[in-house]
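Novice: Right, I'll just put the structure down here and ask away after.
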Amino acid sequence: MRRACVLIWLLVIPATGARLGAEQGVATSWADDNPRIEIELNALNYFSQPAFSAVAALSSGTPLAIVTATPAHLKELLANAAALDAFTSGGGWLLLNGLTPAGLADYDTLVGIPHLLRPFRSEKVGIAVQCPQIGLGLQSGDVSMRTTLNQWTGDFLVADDAYGWVVDTDDLAPFASLPDYTWFHHRDANIDHNPLNLIAGFGSADSWKRILAFYPTRSRMDFPMVLPSPQAIRGVEVITSFKYPGITHVSLTFDGDDGSTDVLATPNPGPVDTTWDKPRTVRTIGVRVVDWQASAKDVIGIDGIHIWPVRDQHFKDSVKPITTNGAIVAYPRGNGGILLCELNFTDHDQDLQNIQRRRNILAVFLHTLRIEPGRHVPAQGALTPPPPAIALGLPCALGPAAILQASSTDWLDAASAAVPWPHGHSSLGGVAFAFGDRPQVVMRRPGQPAAVIPLQQTAQSLVFLQTAATTAAAGSVLGSYTVIFTDGRSVRIPLINGHDLAHHEQTHPAGLARARLAWLGHVAGQPDDRLTVLYERQWNNPTPAVPIAEIRLTCTEPSTTIALFAVTALPFLPDPGVH
């Protein structure tokens, strides 16, 4: 039996096309290199079909192909460069996951950029300032995954297994080798004695634990930073500690040449940046603390160091970081591109909420490319190119008429103080939602009148963020939404237990037949496997050009409460070719 070797091949449903097949999820092609990705997609309500080569995934009209970046797959893609060019020129994106040093040379050839590569560690991860379109909607809280709460210190640490190997983008310092804590004559390996603090991206504003401490009466005050190979650099930035101030001068020496030494006067505390008119090609940078102010505590510190590389216009045009550390990077090509996504799909998460953070990241890419969950596309079905990406949806405030009808006492009120509900304007899986400071939730029980949410706008789709408290059997109709249009028509959307939403407490949360997991929250004081779940249910409007006047929510099933946290209208974009 031929063994499938490509991960995923996602087929888009045209926004204006006919409805194809049963509502079972978007067809994908799947292979057994990394079965965890299939699990994540199934949880998001995307399903899979086999594809038997990397090139076979690059099908015309397919918006996203996910391939494991094994050396064999990368060589296959290189050998079929014309097929890849045609795929990206047509708007397709190739998502590569699982890059390792063994495949780096072929990866560099594939993307056209020579890279450094290093393993991910516990480090600061954020969203790049100029995030490309395909990553719009990602949140810092999703890309920065955590360990569980430390009961002794009362805080979280960033998980060290969130990503695999990461490439260089704007800063070379994280790729430098550093001596261990014994070099500095530290007596132990306490967290603020870890030299990796210099290149982890954290600082005094994050925690005292993320500073590299020096003790002037006993510490060694110099250290080398060794890059993997000589690199052209345009400057170095040193950030002296706000928590342990006192450093006034730092010197930098390049490749052991004392004649190349630069002495920097630091603001004490704060950053000092040295740049040169003519870049230098160096491998080893020697850093020395040469002057400081004495203090009674006998401790000073450095928050971090950055090494700024020379980047030509080709690099700037070709490499578009999505995360600040090079774990997720886009390479635009034609109307599509290549996306490196080094998420580590693991069976054992240090924090169960990391499961949902990973899914949120995947969902943003799928949503941006207009890949729709909850539908099945036959493999032989004819596909048209995907429509252009649209902006995130318009959050619809749950109006006072709806809020005032909400129950004042219920399971939700009891949990409000214990569960860290989303708040403000948040993006969950690429869809924007609006929340109050304390979640203003529309809740319906059997026998209560319908809650009315005014809308008065057109919408291509409505996305409901919802959950329930119920003991009803799976398959039971818990209630419904009724969408009322301005022309007097109405459409009823039944809410079926296990299909559109489910009980709000789950120990093994998963996506449903017509809804995906949108948010997981841990109840303080409860076991780690007891999670509060919000589901995202998308309804596609059959007449998007007609304004919706209002939405009504009712609950009909005994021993059930339906809770609507937010609703977002994805905007209707008229076809400019239709008059």
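Scheme for the structure tokens: letters A, B, ... for chains in order shown; per-chain residue numbers from 1; ligand numbers from 1 in order shown.
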List as a Markdown table every residue of stretch 256-306 of chain A that is in contact with stretch 218-226 of chain A, defined as an atom at most 8 Å from one of its atoms (using only C-alpha atoms), together with the nearest atom pair and the distance in Å rounded to one decimal, sorted by chain and then rising number.
Specialist:
```
| residue | atom | partner | partner_atom | distance |
| --- | --- | --- | --- | --- |
| A:Arg283 | CA | A:Val226 | CA | 5.8 |
| A:Thr284 | CA | A:Val226 | CA | 4.4 |
| A:Ile285 | CA | A:Met225 | CA | 5.2 |
| A:Gly286 | CA | A:Pro224 | CA | 4.4 |
| A:Val287 | CA | A:Phe223 | CA | 5.5 |
| A:Arg288 | CA | A:Asp222 | CA | 4.0 |
| A:Val289 | CA | A:Met221 | CA | 5.4 |
| A:Val290 | CA | A:Met221 | CA | 7.7 |
```
Novice: Could the residues in this selection be written to a file with N, CA and C atoms, as an mmCIF file, in the first residue's frame?
Specialist:
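selection05.cif written:
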```cif
data_model
loop_
_atom_site.group_PDB
_atom_site.id
_atom_site.type_symbol
_atom_site.label_atom_id
_atom_site.label_comp_id
_atom_site.auth_asym_id
_atom_site.auth_seq_id
_atom_site.Cartn_x
_atom_site.Cartn_y
_atom_site.Cartn_z
ATOM 1 N N ARG A 283 32.234 37.458 13.973
ATOM 2 C CA ARG A 283 31.642 36.253 14.528
ATOM 3 C C ARG A 283 31.544 36.318 16.046
ATOM 4 N N THR A 284 32.590 36.866 16.696
ATOM 5 C CA THR A 284 32.600 36.923 18.166
ATOM 6 C C THR A 284 32.542 38.367 18.628
ATOM 7 N N ILE A 285 31.616 38.667 19.518
ATOM 8 C CA ILE A 285 31.493 39.994 20.126
ATOM 9 C C ILE A 285 31.793 39.841 21.611
ATOM 10 N N GLY A 286 32.832 40.532 22.059
ATOM 11 C CA GLY A 286 33.159 40.521 23.481
ATOM 12 C C GLY A 286 32.473 41.679 24.174
ATOM 13 N N VAL A 287 31.736 41.406 25.247
ATOM 14 C CA VAL A 287 31.006 42.426 26.001
ATOM 15 C C VAL A 287 31.634 42.532 27.385
ATOM 16 N N ARG A 288 31.914 43.753 27.805
ATOM 17 C CA ARG A 288 32.509 43.965 29.124
ATOM 18 C C ARG A 288 31.823 45.145 29.815
ATOM 19 N N VAL A 289 31.440 44.935 31.061
ATOM 20 C CA VAL A 289 30.960 46.039 31.898
ATOM 21 C C VAL A 289 32.199 46.724 32.475
ATOM 22 N N VAL A 290 32.473 47.972 32.042
ATOM 23 C CA VAL A 290 33.726 48.623 32.414
ATOM 24 C C VAL A 290 33.559 49.651 33.519
#
```
Novice: Within 12 Å of A:Ala86, counting only C-alpha atoms, which residues qualify if same-chain residues fewer than 4 places away don't, as a list in words?
Specialist: Val55, Leu58, Ser59, Ser60, Gly61, Thr62, Asn80, Ala81, Ala82, Gly90, Gly91, Gly92, Trp93, Leu94, Arg333, Gly334, Asn335, Gly336 and Gly337 of chain A
Novice: Write a file of the just-selected residues containing C-alpha atoms, as a PDB file, in the first residue's frame.
Specialist:
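For reference, result11.pdb as written:
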```
ATOM      1  CA  VAL A  55       3.646  18.188  -5.223  1.00  0.00           C
ATOM      2  CA  LEU A  58      -0.110  21.944  -4.724  1.00  0.00           C
ATOM      3  CA  SER A  59      -3.407  21.707  -6.546  1.00  0.00           C
ATOM      4  CA  SER A  60      -4.761  24.609  -8.596  1.00  0.00           C
ATOM      5  CA  GLY A  61      -7.465  26.444  -6.665  1.00  0.00           C
ATOM      6  CA  THR A  62      -6.263  25.125  -3.309  1.00  0.00           C
ATOM      7  CA  ASN A  80       9.240  20.626  -8.906  1.00  0.00           C
ATOM      8  CA  ALA A  81       9.890  24.359  -8.666  1.00  0.00           C
ATOM      9  CA  ALA A  82       7.601  25.099 -11.623  1.00  0.00           C
ATOM     10  CA  GLY A  90      -2.362  31.409  -8.302  1.00  0.00           C
ATOM     11  CA  GLY A  91      -2.733  32.584  -4.697  1.00  0.00           C
ATOM     12  CA  GLY A  92      -1.836  29.362  -2.906  1.00  0.00           C
ATOM     13  CA  TRP A  93       0.156  29.240   0.347  1.00  0.00           C
ATOM     14  CA  LEU A  94       2.501  26.385   1.249  1.00  0.00           C
ATOM     15  CA  ARG A 333       5.511  34.879  -3.781  1.00  0.00           C
ATOM     16  CA  GLY A 334       3.138  35.832  -6.566  1.00  0.00           C
ATOM     17  CA  ASN A 335      -0.354  36.086  -5.101  1.00  0.00           C
ATOM     18  CA  GLY A 336       0.451  33.552  -2.381  1.00  0.00           C
ATOM     19  CA  GLY A 337       3.667  32.403  -0.754  1.00  0.00           C
TER      20      GLY A 337
END
```
Novice: Quick one: pick out all alpha helix (DSSP H) residues within stretch 129-290 of chain A from a backbone DSSP run and write them as a list in words.
Specialist: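 The alpha helix (DSSP H) subset of stretch 129-290 of chain A is Ser140, Gly141, Asp142 and Val143 of chain A.
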Novice: Next, the residues of the selection above should be written as a PDB file, in the first residue's frame with all heavy atoms.
Specialist:
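Result saved to result21.pdb:
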```pdb
ATOM      1  N   SER A 140      -0.925  38.220  20.708  1.00  0.00           N
ATOM      2  CA  SER A 140       0.274  37.877  21.483  1.00  0.00           C
ATOM      3  C   SER A 140      -0.016  36.783  22.496  1.00  0.00           C
ATOM      4  O   SER A 140       0.828  35.934  22.774  1.00  0.00           O
ATOM      5  CB  SER A 140       0.812  39.127  22.188  1.00  0.00           C
ATOM      6  OG  SER A 140       1.270  40.069  21.251  1.00  0.00           O
ATOM      7  N   GLY A 141      -1.228  36.799  23.058  1.00  0.00           N
ATOM      8  CA  GLY A 141      -1.585  35.779  24.033  1.00  0.00           C
ATOM      9  C   GLY A 141      -1.684  34.384  23.457  1.00  0.00           C
ATOM     10  O   GLY A 141      -1.662  33.407  24.201  1.00  0.00           O
ATOM     11  N   ASP A 142      -1.781  34.264  22.123  1.00  0.00           N
ATOM     12  CA  ASP A 142      -1.815  32.956  21.491  1.00  0.00           C
ATOM     13  C   ASP A 142      -0.416  32.472  21.117  1.00  0.00           C
ATOM     14  O   ASP A 142      -0.087  31.305  21.312  1.00  0.00           O
ATOM     15  CB  ASP A 142      -2.693  32.986  20.243  1.00  0.00           C
ATOM     16  CG  ASP A 142      -4.177  33.079  20.576  1.00  0.00           C
ATOM     17  OD1 ASP A 142      -4.562  32.605  21.658  1.00  0.00           O
ATOM     18  OD2 ASP A 142      -4.934  33.634  19.760  1.00  0.00           O
ATOM     19  N   VAL A 143       0.412  33.360  20.571  1.00  0.00           N
ATOM     20  CA  VAL A 143       1.734  32.915  20.111  1.00  0.00           C
ATOM     21  C   VAL A 143       2.702  32.713  21.269  1.00  0.00           C
ATOM     22  O   VAL A 143       3.710  32.037  21.117  1.00  0.00           O
ATOM     23  CB  VAL A 143       2.333  33.907  19.088  1.00  0.00           C
ATOM     24  CG1 VAL A 143       1.434  34.023  17.871  1.00  0.00           C
ATOM     25  CG2 VAL A 143       2.588  35.279  19.698  1.00  0.00           C
TER      26      VAL A 143
END
```
Novice: Tell me, as a VMD selection string, which residues lie within 9 Å of A:Val533, counting only C-alpha atoms; anything in the same chain fewer than 6 positions away does not count.
Specialist: chain A and resid 466 to 467 502 to 506 509 517 to 521
Novice: Would you list, as a VMD selection string, the residues of stretch 165-399 of chain A that end up in strand (DSSP E or B) under DSSP run on this structure's backbone?
Specialist: chain A and resid 165 to 167 177 212 to 214 222 to 240 247 to 254 257 to 265 270 to 292 300 to 309 320 to 321 323 328 to 333 336 to 341 343 394 to 396
Novice: Looking at A:Pro494, A:Pro174, A:Pro279, A:Gly475, which one is nearest to A:Ala232, with distances taken over only C-alpha atoms?
Specialist: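 The shortest atom-to-atom distance to A:Ala232 comes from A:Pro279.
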Novice: Report, in Å with one decimal, the straight-line distance from atom CA of A:Asn497 to atom CA of A:Thr543.
Specialist: 26.6 Å
Novice: Can you tell me which residues surround A:Leu110 at a distance of at most 8 Å, considering only C-alpha atoms, apart from same-chain residues fewer than 5 positions away, and format the answer as a PDB file with N, CA, C and O atoms, in the first residue's frame?
Specialist:
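Saved the output as selection.pdb:
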```pdb
ATOM      1  N   LEU A  74      11.333  18.591   1.127  1.00  0.00           N
ATOM      2  CA  LEU A  74      11.935  19.822   0.608  1.00  0.00           C
ATOM      3  C   LEU A  74      12.639  19.555  -0.723  1.00  0.00           C
ATOM      4  O   LEU A  74      12.552  20.368  -1.651  1.00  0.00           O
ATOM      5  N   LEU A  77      10.001  19.316  -3.417  1.00  0.00           N
ATOM      6  CA  LEU A  77       9.498  20.634  -3.804  1.00  0.00           C
ATOM      7  C   LEU A  77      10.504  21.373  -4.683  1.00  0.00           C
ATOM      8  O   LEU A  77      10.127  22.027  -5.657  1.00  0.00           O
ATOM      9  N   LEU A  78      11.790  21.256  -4.355  1.00  0.00           N
ATOM     10  CA  LEU A  78      12.824  21.895  -5.180  1.00  0.00           C
ATOM     11  C   LEU A  78      12.863  21.303  -6.580  1.00  0.00           C
ATOM     12  O   LEU A  78      13.056  22.019  -7.567  1.00  0.00           O
TER      13      LEU A  78
END
```
Novice: Which value, in Å to one decimal, gives the distance between atom CA of A:Thr486 and atom CA of A:Gln456?
Specialist: 7.8 Å
Novice: If you count only C-alpha atoms, which residues fall within 10 Å of A:Thr482, apart from same-chain ones fewer than 6 positions away, as JSON, numbers by chain?
Specialist: {"A": [450, 452, 490, 491, 492, 493, 494, 550, 551, 552, 553, 554]}
Novice: Kindly give the distance, in Å, that separates atom CA of A:Trp165 and atom CA of A:Leu117, rounded to a single decimal.
Specialist: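 If I compute the distance from atom CA of A:Trp165 to atom CA of A:Leu117, I get 6.4 Å.
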Novice: I'd like the neighbourhood of A:Ala515 as a list in words, where a residue qualifies if any of its atoms comes within 6 Å (using only C-alpha atoms), though same-chain residues fewer than 3 positions away should be ignored.
Specialist: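 Contacts, with the query itself left out: Asp500, Leu512, Glu536 and Arg537 of chain A.
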Novice: Restricted to all heavy atoms, what would the selected residues look like written as a PDB file, in the first residue's frame?
Specialist:
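So the final result, stored in part18.pdb, reads:
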```
ATOM      1  N   ASP A 500     -23.777  22.302  17.550  1.00  0.00           N
ATOM      2  CA  ASP A 500     -23.582  23.752  17.495  1.00  0.00           C
ATOM      3  C   ASP A 500     -22.984  24.318  18.776  1.00  0.00           C
ATOM      4  O   ASP A 500     -22.358  25.380  18.763  1.00  0.00           O
ATOM      5  CB  ASP A 500     -24.920  24.452  17.227  1.00  0.00           C
ATOM      6  CG  ASP A 500     -25.574  23.942  15.967  1.00  0.00           C
ATOM      7  OD1 ASP A 500     -25.084  24.284  14.879  1.00  0.00           O
ATOM      8  OD2 ASP A 500     -26.564  23.190  16.064  1.00  0.00           O
ATOM      9  N   LEU A 512     -16.883  20.635  17.443  1.00  0.00           N
ATOM     10  CA  LEU A 512     -18.164  20.001  17.201  1.00  0.00           C
ATOM     11  C   LEU A 512     -18.435  19.934  15.700  1.00  0.00           C
ATOM     12  O   LEU A 512     -17.669  20.465  14.897  1.00  0.00           O
ATOM     13  CB  LEU A 512     -19.278  20.770  17.920  1.00  0.00           C
ATOM     14  CG  LEU A 512     -19.054  21.000  19.423  1.00  0.00           C
ATOM     15  CD1 LEU A 512     -20.176  21.845  20.001  1.00  0.00           C
ATOM     16  CD2 LEU A 512     -18.936  19.677  20.160  1.00  0.00           C
ATOM     17  N   GLU A 536     -17.491  28.626  18.759  1.00  0.00           N
ATOM     18  CA  GLU A 536     -17.734  29.597  17.697  1.00  0.00           C
ATOM     19  C   GLU A 536     -18.528  28.908  16.592  1.00  0.00           C
ATOM     20  O   GLU A 536     -18.069  27.947  15.984  1.00  0.00           O
ATOM     21  CB  GLU A 536     -16.401  30.103  17.147  1.00  0.00           C
ATOM     22  CG  GLU A 536     -16.523  31.172  16.094  1.00  0.00           C
ATOM     23  CD  GLU A 536     -15.170  31.558  15.540  1.00  0.00           C
ATOM     24  OE1 GLU A 536     -14.423  32.274  16.227  1.00  0.00           O
ATOM     25  OE2 GLU A 536     -14.846  31.092  14.424  1.00  0.00           O
ATOM     26  N   ARG A 537     -19.752  29.415  16.361  1.00  0.00           N
ATOM     27  CA  ARG A 537     -20.639  28.839  15.349  1.00  0.00           C
ATOM     28  C   ARG A 537     -20.870  29.871  14.250  1.00  0.00           C
ATOM     29  O   ARG A 537     -21.356  30.963  14.502  1.00  0.00           O
ATOM     30  CB  ARG A 537     -21.968  28.448  15.996  1.00  0.00           C
ATOM     31  CG  ARG A 537     -23.133  28.169  15.025  1.00  0.00           C
ATOM     32  CD  ARG A 537     -22.891  26.920  14.191  1.00  0.00           C
ATOM     33  NE  ARG A 537     -24.121  26.374  13.641  1.00  0.00           N
ATOM     34  CZ  ARG A 537     -24.562  26.569  12.394  1.00  0.00           C
ATOM     35  NH1 ARG A 537     -23.866  27.344  11.566  1.00  0.00           N
ATOM     36  NH2 ARG A 537     -25.679  26.009  11.975  1.00  0.00           N
TER      37      ARG A 537
END
```
Novice: From the set A:Ala566, A:Leu104, A:Ala296, A:Val166, which residue has the shortest atom-to-atom contact distance to A:Pro119, counting only C-alpha atoms?
Specialist: A:Val166
Novice: Hey, which of A:Leu462, A:Leu212, A:Met443, A:Ile127 ends up closest to A:Ala569? Count only C-alpha atoms.
Specialist: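 Looking only at the distances to A:Ala569, the closest residue turns out to be A:Leu462.
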